[in-house]
>>> print(open('coords-v3.tsv').read())   # TSV, C-alpha atoms
chain	number	residue	atom	x	y	z
A	1	MET	CA	106.24	78.18	99.59
A	2	GLY	CA	107.98	78.70	102.91
A	3	LEU	CA	107.35	80.15	106.33
A	4	TRP	CA	105.58	83.51	106.22
A	5	ASN	CA	107.41	86.33	107.97
A	6	PHE	CA	105.01	88.21	110.23
A	7	ASP	CA	107.18	91.31	110.09
A	8	GLN	CA	107.22	91.86	106.35
A	9	ASN	CA	106.40	95.42	105.30
A	10	ASP	CA	102.96	95.37	103.68
A	11	SER	CA	101.37	98.81	103.78
A	12	ASN	CA	98.24	97.52	102.03
A	13	SER	CA	97.36	95.07	104.79
A	14	ARG	CA	95.68	97.70	107.01
A	15	PRO	CA	92.14	98.65	105.87
A	16	VAL	CA	90.46	102.00	106.37
A	17	LEU	CA	88.15	100.54	109.02
A	18	ALA	CA	89.44	101.01	112.57
A	19	GLN	CA	90.78	97.87	114.17
A	20	LYS	CA	89.18	96.85	117.43
A	21	ASP	CA	91.93	94.51	118.56
A	22	SER	CA	94.29	95.71	121.30
A	23	GLY	CA	97.45	94.85	119.37
A	24	PRO	CA	98.83	93.20	116.26
A	25	SER	CA	97.98	89.56	115.62
A	26	ARG	CA	100.89	87.54	114.24
A	27	LEU	CA	98.64	84.70	113.08
A	28	GLY	CA	96.20	87.12	111.49
A	29	ARG	CA	98.97	88.90	109.63
A	30	ALA	CA	100.45	85.56	108.57
A	31	LEU	CA	97.08	84.56	107.11
A	32	SER	CA	96.90	87.81	105.13
A	33	LEU	CA	100.42	87.31	103.77
A	34	ALA	CA	99.73	83.66	102.89
A	35	ARG	CA	96.54	84.61	101.03
A	36	ARG	CA	98.40	87.24	99.04
A	37	ALA	CA	101.25	84.83	98.30
A	38	ALA	CA	98.65	82.38	96.91
A	39	ASP	CA	97.24	85.22	94.76
A	40	LEU	CA	93.77	84.80	96.25
A	41	THR	CA	91.27	87.54	96.96
A	42	GLN	CA	89.35	87.78	100.21
A	43	SER	CA	86.19	86.95	98.29
A	44	GLU	CA	87.70	83.76	96.87
A	45	VAL	CA	88.94	82.58	100.25
A	46	SER	CA	85.68	83.42	102.00
A	47	THR	CA	83.82	81.32	99.44
A	48	ARG	CA	86.15	78.35	99.94
A	49	ALA	CA	85.98	78.69	103.73
A	50	ALA	CA	82.18	79.17	103.76
A	51	CYS	CA	82.44	82.42	105.68
A	52	SER	CA	81.69	86.05	104.97
A	53	VAL	CA	84.27	88.48	103.63
A	54	ARG	CA	83.83	90.41	106.85
A	55	GLY	CA	84.61	87.25	108.82
A	56	LEU	CA	87.80	86.72	106.82
A	57	TRP	CA	88.80	90.34	107.36
A	58	LEU	CA	88.39	89.83	111.10
A	59	ALA	CA	90.49	86.66	110.97
A	60	GLU	CA	93.29	88.51	109.17
A	61	HIS	CA	93.28	91.09	111.95
A	62	GLY	CA	93.28	88.75	114.92
A	63	GLN	CA	89.58	88.98	115.62
A	64	GLY	CA	86.71	86.56	115.41
A	65	SER	CA	86.70	82.85	116.12
A	66	ALA	CA	89.61	80.45	115.98
A	67	PRO	CA	87.59	77.84	114.01
A	68	LEU	CA	86.86	80.42	111.30
A	69	PHE	CA	90.56	81.34	111.19
A	70	LEU	CA	91.52	77.67	110.80
A	71	ALA	CA	88.95	77.20	108.03
A	72	ALA	CA	90.34	80.22	106.21
A	73	ALA	CA	93.90	78.95	106.62
A	74	LYS	CA	92.86	75.59	105.16
A	75	ALA	CA	91.26	77.37	102.23
A	76	VAL	CA	94.54	79.16	101.55
A	77	GLY	CA	96.49	75.88	101.77
A	78	VAL	CA	98.32	76.53	105.05
A	79	GLU	CA	98.07	75.23	108.61
A	80	VAL	CA	99.14	76.21	112.11
A	81	ALA	CA	102.43	74.71	113.27
A	82	GLY	CA	104.39	75.14	116.45
A	83	ARG	CA	107.52	74.00	118.25
A	84	ALA	CA	107.39	70.52	119.80
A	85	LEU	CA	103.60	70.28	119.54
A	86	PRO	CA	102.60	66.69	120.32
A	87	PRO	CA	100.01	64.98	118.10
A	88	GLY	CA	96.33	65.42	118.90
A	89	PRO	CA	92.87	65.76	117.37
A	90	ASP	CA	92.93	69.57	117.40
A	91	LEU	CA	95.03	72.54	118.49
A	92	GLY	CA	93.40	72.59	121.91
A	93	ALA	CA	94.49	69.03	122.65
A	94	ARG	CA	97.95	69.58	121.17
A	95	LEU	CA	98.61	72.69	123.23
A	96	GLN	CA	97.30	70.85	126.28
A	97	GLY	CA	99.85	68.13	125.59
A	98	LEU	CA	102.58	70.75	125.34
A	99	ARG	CA	101.47	72.31	128.64
A	100	VAL	CA	101.56	68.94	130.39
A	101	ARG	CA	104.97	68.12	128.88
A	102	MET	CA	106.30	71.43	130.22
A	103	GLY	CA	104.94	70.68	133.66
A	104	VAL	CA	102.74	73.80	133.69
A	105	SER	CA	99.46	73.55	135.57
A	106	ARG	CA	96.20	74.80	134.11
A	107	ARG	CA	96.02	77.29	136.97
A	108	GLU	CA	99.46	78.69	136.10
A	109	LEU	CA	98.57	78.96	132.43
A	110	ALA	CA	95.35	80.81	133.27
A	111	ALA	CA	97.23	83.24	135.51
A	112	THR	CA	99.91	83.89	132.89
A	113	THR	CA	97.45	84.50	130.05
A	114	GLY	CA	94.86	86.41	132.08
A	115	LEU	CA	92.22	83.88	131.02
A	116	SER	CA	89.91	82.03	133.38
A	117	ARG	CA	90.58	78.38	134.11
A	118	THR	CA	87.15	77.66	132.63
A	119	THR	CA	88.22	79.26	129.35
A	120	VAL	CA	91.51	77.33	129.32
A	121	ALA	CA	89.69	74.07	130.07
A	122	ALA	CA	87.16	74.71	127.29
A	123	PHE	CA	89.98	75.50	124.85
A	124	GLU	CA	91.85	72.32	125.70
A	125	GLY	CA	88.61	70.37	125.36
A	126	GLY	CA	88.26	71.42	121.73
A	127	ARG	CA	86.08	74.54	122.14
A	128	LEU	CA	88.72	76.90	120.78
A	129	GLY	CA	86.68	80.08	121.05
A	130	HIS	CA	88.25	83.38	120.08
A	131	LEU	CA	91.42	83.55	118.01
A	132	SER	CA	93.02	85.74	120.68
A	133	VAL	CA	92.68	82.84	123.16
A	134	LEU	CA	94.66	80.60	120.80
A	135	GLU	CA	97.38	83.22	120.41
A	136	ARG	CA	97.64	84.01	124.12
A	137	ILE	CA	97.92	80.35	125.09
A	138	GLY	CA	100.43	79.69	122.33
A	139	ASP	CA	102.55	82.67	123.39
A	140	ALA	CA	102.43	81.69	127.08
A	141	LEU	CA	103.70	78.21	126.20
A	142	ASN	CA	106.35	79.61	123.83
A	143	ALA	CA	104.89	77.40	121.12
A	144	GLY	CA	105.97	79.74	118.33
A	145	LEU	CA	102.65	79.32	116.50
A	146	THR	CA	102.85	80.26	112.85
A	147	LEU	CA	101.44	79.29	109.45
A	148	VAL	CA	103.27	76.94	107.10
A	149	PRO	CA	102.23	75.20	103.87
A	150	LYS	CA	99.97	72.27	104.63
A	151	GLY	CA	101.94	69.12	105.44
A	152	GLN	CA	105.18	70.95	106.25
A	153	GLY	CA	104.50	71.66	109.93
A	154	ALA	CA	106.08	68.47	111.22
A	155	ALA	CA	109.13	68.91	108.99
A	156	PHE	CA	109.66	72.53	110.05
A	157	TYR	CA	109.16	72.08	113.77
A	158	GLY	CA	109.69	68.35	114.33
A	159	SER	CA	112.95	68.82	116.19
A	160	THR	CA	112.76	67.92	119.85
A	161	ALA	CA	110.77	67.88	123.05
A	162	LEU	CA	111.15	70.45	125.78
A	163	SER	CA	114.52	70.20	127.48
A	164	SER	CA	117.51	72.30	128.40
A	165	GLY	CA	118.99	71.17	125.09
A	166	TRP	CA	116.17	72.70	123.07
A	167	ASP	CA	117.17	76.23	122.05
A	168	ALA	CA	113.93	77.78	123.33
A	169	TRP	CA	114.71	76.64	126.89
A	170	ALA	CA	118.46	77.19	126.87
A	171	SER	CA	119.75	78.70	130.11
A	172	PRO	CA	119.79	82.52	130.01
A	173	GLN	CA	123.31	83.81	129.41
A	174	GLU	CA	123.08	86.39	132.21
A	175	PHE	CA	122.13	83.62	134.64
A	176	LEU	CA	125.11	81.52	133.53
A	177	ASP	CA	127.47	84.49	133.84
A	178	ARG	CA	126.40	84.99	137.45
A	179	LEU	CA	126.82	81.29	138.12
A	180	TYR	CA	130.37	81.27	136.70
A	181	GLU	CA	131.14	84.30	138.86
A	182	ALA	CA	130.02	82.41	141.97
A	183	LEU	CA	131.91	79.25	141.00
A	184	GLY	CA	135.01	81.12	139.86
A	185	ALA	CA	135.23	78.88	136.77
A	186	PRO	CA	133.11	76.84	134.32
A	187	VAL	CA	131.60	73.56	135.51
A	188	ASP	CA	132.95	70.06	135.08
A	189	LEU	CA	129.80	68.48	133.64
A	190	ASP	CA	126.55	69.40	131.89
A	191	PRO	CA	124.47	66.19	131.94
A	192	CYS	CA	121.51	67.70	130.00
A	193	SER	CA	123.33	69.01	126.95
A	194	PRO	CA	122.44	69.22	123.24
A	195	GLY	CA	126.19	68.79	122.57
A	196	ARG	CA	129.32	70.84	123.11
A	197	THR	CA	129.03	72.75	119.84
A	198	ARG	CA	125.36	73.65	120.35
A	199	CYS	CA	125.36	74.35	124.08
A	200	ARG	CA	126.04	77.69	125.74
A	201	VAL	CA	127.00	76.00	129.03
A	202	LEU	CA	130.78	76.04	129.53
A	203	ALA	CA	131.66	72.57	130.81
A	204	ALA	CA	134.57	70.17	130.54
A	205	ALA	CA	132.17	67.33	129.66
A	206	HIS	CA	128.68	67.18	128.16
A	207	TYR	CA	126.18	64.32	128.32
A	208	THR	CA	123.63	64.41	125.50
A	209	GLU	CA	120.31	62.63	125.18
A	210	ASP	CA	122.13	59.75	123.47
A	211	ASP	CA	124.49	59.43	126.45
A	212	ASP	CA	121.59	59.36	128.95
A	213	GLY	CA	122.78	61.48	131.84
A	214	LEU	CA	120.44	59.68	134.23
A	215	ARG	CA	122.40	56.46	133.69
A	216	LEU	CA	126.00	57.74	133.83
A	217	PRO	CA	127.86	58.88	136.96
A	218	TRP	CA	128.31	62.61	137.62
A	219	ARG	CA	131.71	63.92	138.75
A	220	GLY	CA	133.01	67.22	140.08
A	221	ARG	CA	130.95	70.39	139.81
A	222	VAL	CA	127.80	69.78	137.81
A	223	TYR	CA	125.25	72.16	136.28
A	224	MET	CA	121.91	70.85	135.00
A	225	ASN	CA	118.97	72.49	133.27
A	226	PRO	CA	116.87	69.33	132.88
A	227	PRO	CA	113.73	68.63	130.83
A	228	TYR	CA	110.79	70.28	132.57
A	229	GLY	CA	108.21	67.56	131.93
A	230	ARG	CA	106.96	64.70	134.09
A	231	ASP	CA	110.43	63.16	134.42
A	232	ILE	CA	111.93	66.14	136.20
A	233	GLY	CA	111.73	64.26	139.50
A	234	ARG	CA	114.16	61.67	138.13
A	235	TRP	CA	116.72	64.44	137.57
A	236	THR	CA	116.35	65.96	141.04
A	237	ALA	CA	116.64	62.47	142.56
A	238	LYS	CA	119.77	61.84	140.49
A	239	ALA	CA	121.34	65.14	141.57
A	240	ARG	CA	120.71	64.42	145.23
A	241	ALA	CA	121.95	60.82	144.94
A	242	GLU	CA	125.19	61.74	143.13
A	243	VAL	CA	126.11	64.27	145.83
A	244	GLU	CA	125.11	62.04	148.73
A	245	ALA	CA	127.14	59.17	147.23
A	246	GLY	CA	130.20	61.42	146.98
A	247	ARG	CA	130.55	61.14	143.21
A	248	ALA	CA	129.57	64.75	142.47
A	249	LEU	CA	131.13	67.53	144.53
A	250	VAL	CA	128.22	69.88	143.97
A	251	VAL	CA	125.20	69.88	141.62
A	252	ILE	CA	123.54	73.15	140.70
A	253	GLY	CA	120.20	73.00	138.91
A	254	LEU	CA	118.01	75.57	137.17
A	255	LEU	CA	114.49	74.33	137.91
A	256	PRO	CA	110.87	75.45	138.00
A	257	ALA	CA	110.12	76.70	141.51
A	258	ARG	CA	107.42	74.10	142.12
A	259	THR	CA	107.46	74.02	145.90
A	260	ASP	CA	104.19	72.08	146.02
A	261	THR	CA	105.53	68.99	144.23
A	262	GLN	CA	106.71	65.72	145.74
A	263	TRP	CA	110.10	65.95	144.02
A	264	TRP	CA	110.72	69.36	145.60
A	265	HIS	CA	109.92	68.11	149.10
A	266	ARG	CA	111.72	64.81	148.56
A	267	ASP	CA	114.95	66.05	146.98
A	268	ILE	CA	115.28	69.79	147.73
A	269	ALA	CA	113.50	70.88	150.92
A	270	GLY	CA	115.99	70.52	153.76
A	271	ARG	CA	118.60	68.94	151.48
A	272	ALA	CA	119.73	71.70	149.14
A	273	HIS	CA	120.37	75.43	149.10
A	274	ALA	CA	117.63	77.09	147.04
A	275	CYS	CA	117.58	80.55	145.48
A	276	LEU	CA	114.06	81.57	144.43
A	277	LEU	CA	114.57	83.86	141.44
A	278	LYS	CA	112.61	87.08	141.18
A	279	GLY	CA	110.20	87.39	138.26
A	280	ARG	CA	110.15	85.07	135.25
A	281	LEU	CA	113.30	84.11	133.38
A	282	ALA	CA	113.57	84.75	129.64
A	283	PHE	CA	115.04	81.56	128.16
A	284	GLY	CA	116.66	80.88	124.81
A	285	ASP	CA	117.17	84.04	122.78
A	286	GLY	CA	115.71	86.17	125.57
A	287	THR	CA	112.23	86.51	124.03
A	288	ARG	CA	110.61	83.42	125.57
A	289	VAL	CA	109.50	84.32	129.09
A	290	ALA	CA	108.71	81.22	131.12
A	291	PRO	CA	105.10	80.80	132.32
A	292	PHE	CA	106.43	79.72	135.74
A	293	PRO	CA	108.88	80.99	138.39
A	294	SER	CA	112.38	79.52	138.52
A	295	ALA	CA	114.87	78.52	141.20
A	296	LEU	CA	118.56	77.86	141.41
A	297	VAL	CA	119.11	74.77	143.57
A	298	ALA	CA	122.51	73.65	144.87
A	299	TRP	CA	123.16	70.21	146.36
A	300	GLY	CA	126.44	69.84	148.24
A	301	ALA	CA	127.30	73.56	148.32
A	302	ASP	CA	129.67	74.35	151.19
A	303	GLU	CA	129.50	77.52	153.24
A	304	GLU	CA	131.86	79.41	150.94
A	305	LEU	CA	129.92	78.55	147.78
A	306	ARG	CA	126.61	79.39	149.44
A	307	ALA	CA	128.01	82.82	150.32
A	308	ARG	CA	129.20	83.34	146.74
A	309	LEU	CA	125.81	82.35	145.33
A	310	THR	CA	124.14	84.76	147.74
A	311	ARG	CA	126.37	87.58	146.51
A	312	ALA	CA	125.98	86.69	142.83
A	313	PHE	CA	122.16	86.48	143.11
A	314	ALA	CA	121.79	89.08	145.86
A	315	GLU	CA	118.35	90.37	144.85
A	316	HIS	CA	116.72	86.94	145.04
A	317	TRP	CA	115.39	84.99	148.03
A	318	HIS	CA	117.78	82.38	149.41
A	319	VAL	CA	116.50	79.39	151.38
A	320	PRO	CA	119.35	77.41	153.01
A	321	ALA	CA	119.25	73.68	153.57
A	322	SER	CA	118.54	72.54	157.11
A	323	PRO	CA	121.72	72.22	159.21
A	324	GLY	CA	122.98	68.66	158.85
A	325	GLY	CA	120.23	67.87	156.37
A	326	ASP	CA	117.65	67.14	159.10
A	327	ARG	CA	114.20	66.85	157.59
A	328	GLU	CA	111.03	64.85	157.48
A	329	PRO	CA	111.11	61.30	156.07
A	330	ASP	CA	111.00	60.94	152.29
A	331	LEU	CA	107.70	61.23	150.51
A	332	ALA	CA	106.76	58.52	148.06
A	333	ALA	CA	108.45	58.81	144.69
A	334	ASP	CA	106.60	60.56	141.88
>>> encode(input="coords-v3.tsv", output="structure tokens")
Amino acid sequence: MGLWNFDQNDSNSRPVLAQKDSGPSRLGRALSLARRAADLTQSEVSTRAACSVRGLWLAEHGQGSAPLFLAAAKAVGVEVAGRALPPGPDLGARLQGLRVRMGVSRRELAATTGLSRTTVAAFEGGRLGHLSVLERIGDALNAGLTLVPKGQGAAFYGSTALSSGWDAWASPQEFLDRLYEALGAPVDLDPCSPGRTRCRVLAAAHYTEDDDGLRLPWRGRVYMNPPYGRDIGRWTAKARAEVEAGRALVVIGLLPARTDTQWWHRDIAGRAHACLLKGRLAFGDGTRVAPFPSALVAWGADEELRARLTRAFAEHWHVPASPGGDREPDLAAD
């Protein structure tokens, strides 16, 4: 048994009764396909899951409670899996761990999903509520929630944590094309790379996780799309330090536009040219819209490069560094 394709053509999956959900449920459809693949009737699964046939029908159409859906999935012999989900006692805690790893606040997640912060907090506390809440939170975090045979979730998705090297958060190609246009050529170094053969960033050198780009010196023109978790401040500090020490000519970073953080005020405000990008970027294959705004940040950019960046990203809001780098004293490190 493998991963169930949500988009398989199954004309018998839609009952005569009108659906009350506002759109298709990928998890619900996956449950229906998994049940059929196991050659089980709705009556058999409802008996195993200790729920009504009507309750199972609702679960297969994205309605009803998440706990009932999970009980039905267990009865079919499948479980919910997702990309880079950390361990935890339940899906609420695991998705909370993913949110924290991504550096997304509960307020931002609530705004992106259209849920209240109370609902998000209850979900993360183990009160999963409606199945649609699970799907909306999973989609907002680009978790790629799906159903796999029980015990195979870790094997299927146990690849990597969130970083620029993970395919789901790879820099958008259109963004890179504009950057190359401004630079007039590819960059000299990508210090946050999954490897030359797997990375879409055109660079003369690539530092992978094994190399540890935070430890090695940066030279020339550098582009970084760093991990977006709690260590992001280490990367912004490194970028600033490499330019100020004269080792890197310029460092350009694709970062979350978190202007309220200490690392932003310590390493960017008054020290780097920032371009606040309009809307939300679609990372990876273009289907994973970030649940946060993004910014292009350039340390060490001279007047000519700043002008080129302004032309290449003309529709976005540019915030220049203070003349001479004058600014308030450093805040305490994160």
>>> closest_residue(input="coords-v3.tsv", among="A:Ser43, A:Ser116, A:Thr261, A:Asn225", to="Phe175 (chain A)", atoms="only C-alpha atoms")
A:Asn225
>>> atom_distance(input="coords-v3.tsv", atom1="CA of Leu296 (chain A)", atom2="CA of Val251 (chain A)")
10.4 Å
>>> residues_near_point(input="coords-v3.tsv", point="(101.9, 82.0, 136.5)", cutoff="6 Å", atoms="only C-alpha atoms", output="ChimeraX atom specification")
/A:108,111-112,291-292
>>> residues_around(input="coords-v3.tsv", residues="Glu303 (chain A)", least_positions_apart="3", cutoff="12 Å", atoms="all atoms listed in the file", output="PyMOL selection string")
chain A and resi 273+298-300+306-310+320-321+323
>>> closest_residue(input="coords-v3.tsv", among="A:Leu134, A:Val78, A:Val120, A:Leu56", to="Gly151 (chain A)", atoms="only C-alpha atoms")
A:Val78
>>> closest_residue(input="coords-v3.tsv", among="A:Lys74, A:Gln262, A:Arg234, A:Arg200", to="Pro149 (chain A)", atoms="only C-alpha atoms")
A:Lys74
>>> atom_distance(input="coords-v3.tsv", atom1="CA of Ala182 (chain A)", atom2="CA of Ile232 (chain A)")
25.0 Å
>>> closest_residue(input="coords-v3.tsv", among="A:Tyr228, A:Phe313, A:Phe69, A:Tyr180", to="Leu147 (chain A)", atoms="only C-alpha atoms")
A:Phe69
>>> atom_distance(input="coords-v3.tsv", atom1="CA of Ala122 (chain A)", atom2="CA of Arg230 (chain A)")
23.2 Å
>>> residues_around(input="coords-v3.tsv", residues="Cys51 (chain A)", least_positions_apart="4", cutoff="9 Å", atoms="only C-alpha atoms", output="PyMOL selection string")
chain A and resi 45-47+55-56+68+71-72
>>> residues_around(input="coords-v3.tsv", residues="Leu141 (chain A)", least_positions_apart="2", cutoff="9 Å", atoms="all atoms listed in the file", output="MDAnalysis selection string")
chainID A and resid 95 98:99 102 104 109 136:139 143:144 288:291
>>> closest_residue(input="coords-v3.tsv", among="A:Phe123, A:Trp218, A:Tyr223, A:Phe283", to="Gly253 (chain A)", atoms="all atoms listed in the file")
A:Tyr223
>>> closest_residue(input="coords-v3.tsv", among="A:Gln173, A:Ser294, A:Gln63, A:Ser132", to="Thr113 (chain A)", atoms="all atoms listed in the file")
A:Ser132
>>> residues_around(input="coords-v3.tsv", residues="Asp188 (chain A)", least_positions_apart="2", cutoff="9 Å", atoms="all atoms listed in the file", output="list in words")
Pro186, Asp190, Leu202, Ala203, Ala204, Ala205, His206, Arg219, Gly220, Arg221, Val222 and Tyr223 of chain A
>>> residues_around(input="coords-v3.tsv", residues="Asp212 (chain A)", least_positions_apart="5", cutoff="12 Å", atoms="all atoms listed in the file", output="ChimeraX atom specification")
/A:190-194,206-207,217-218,226,235,238
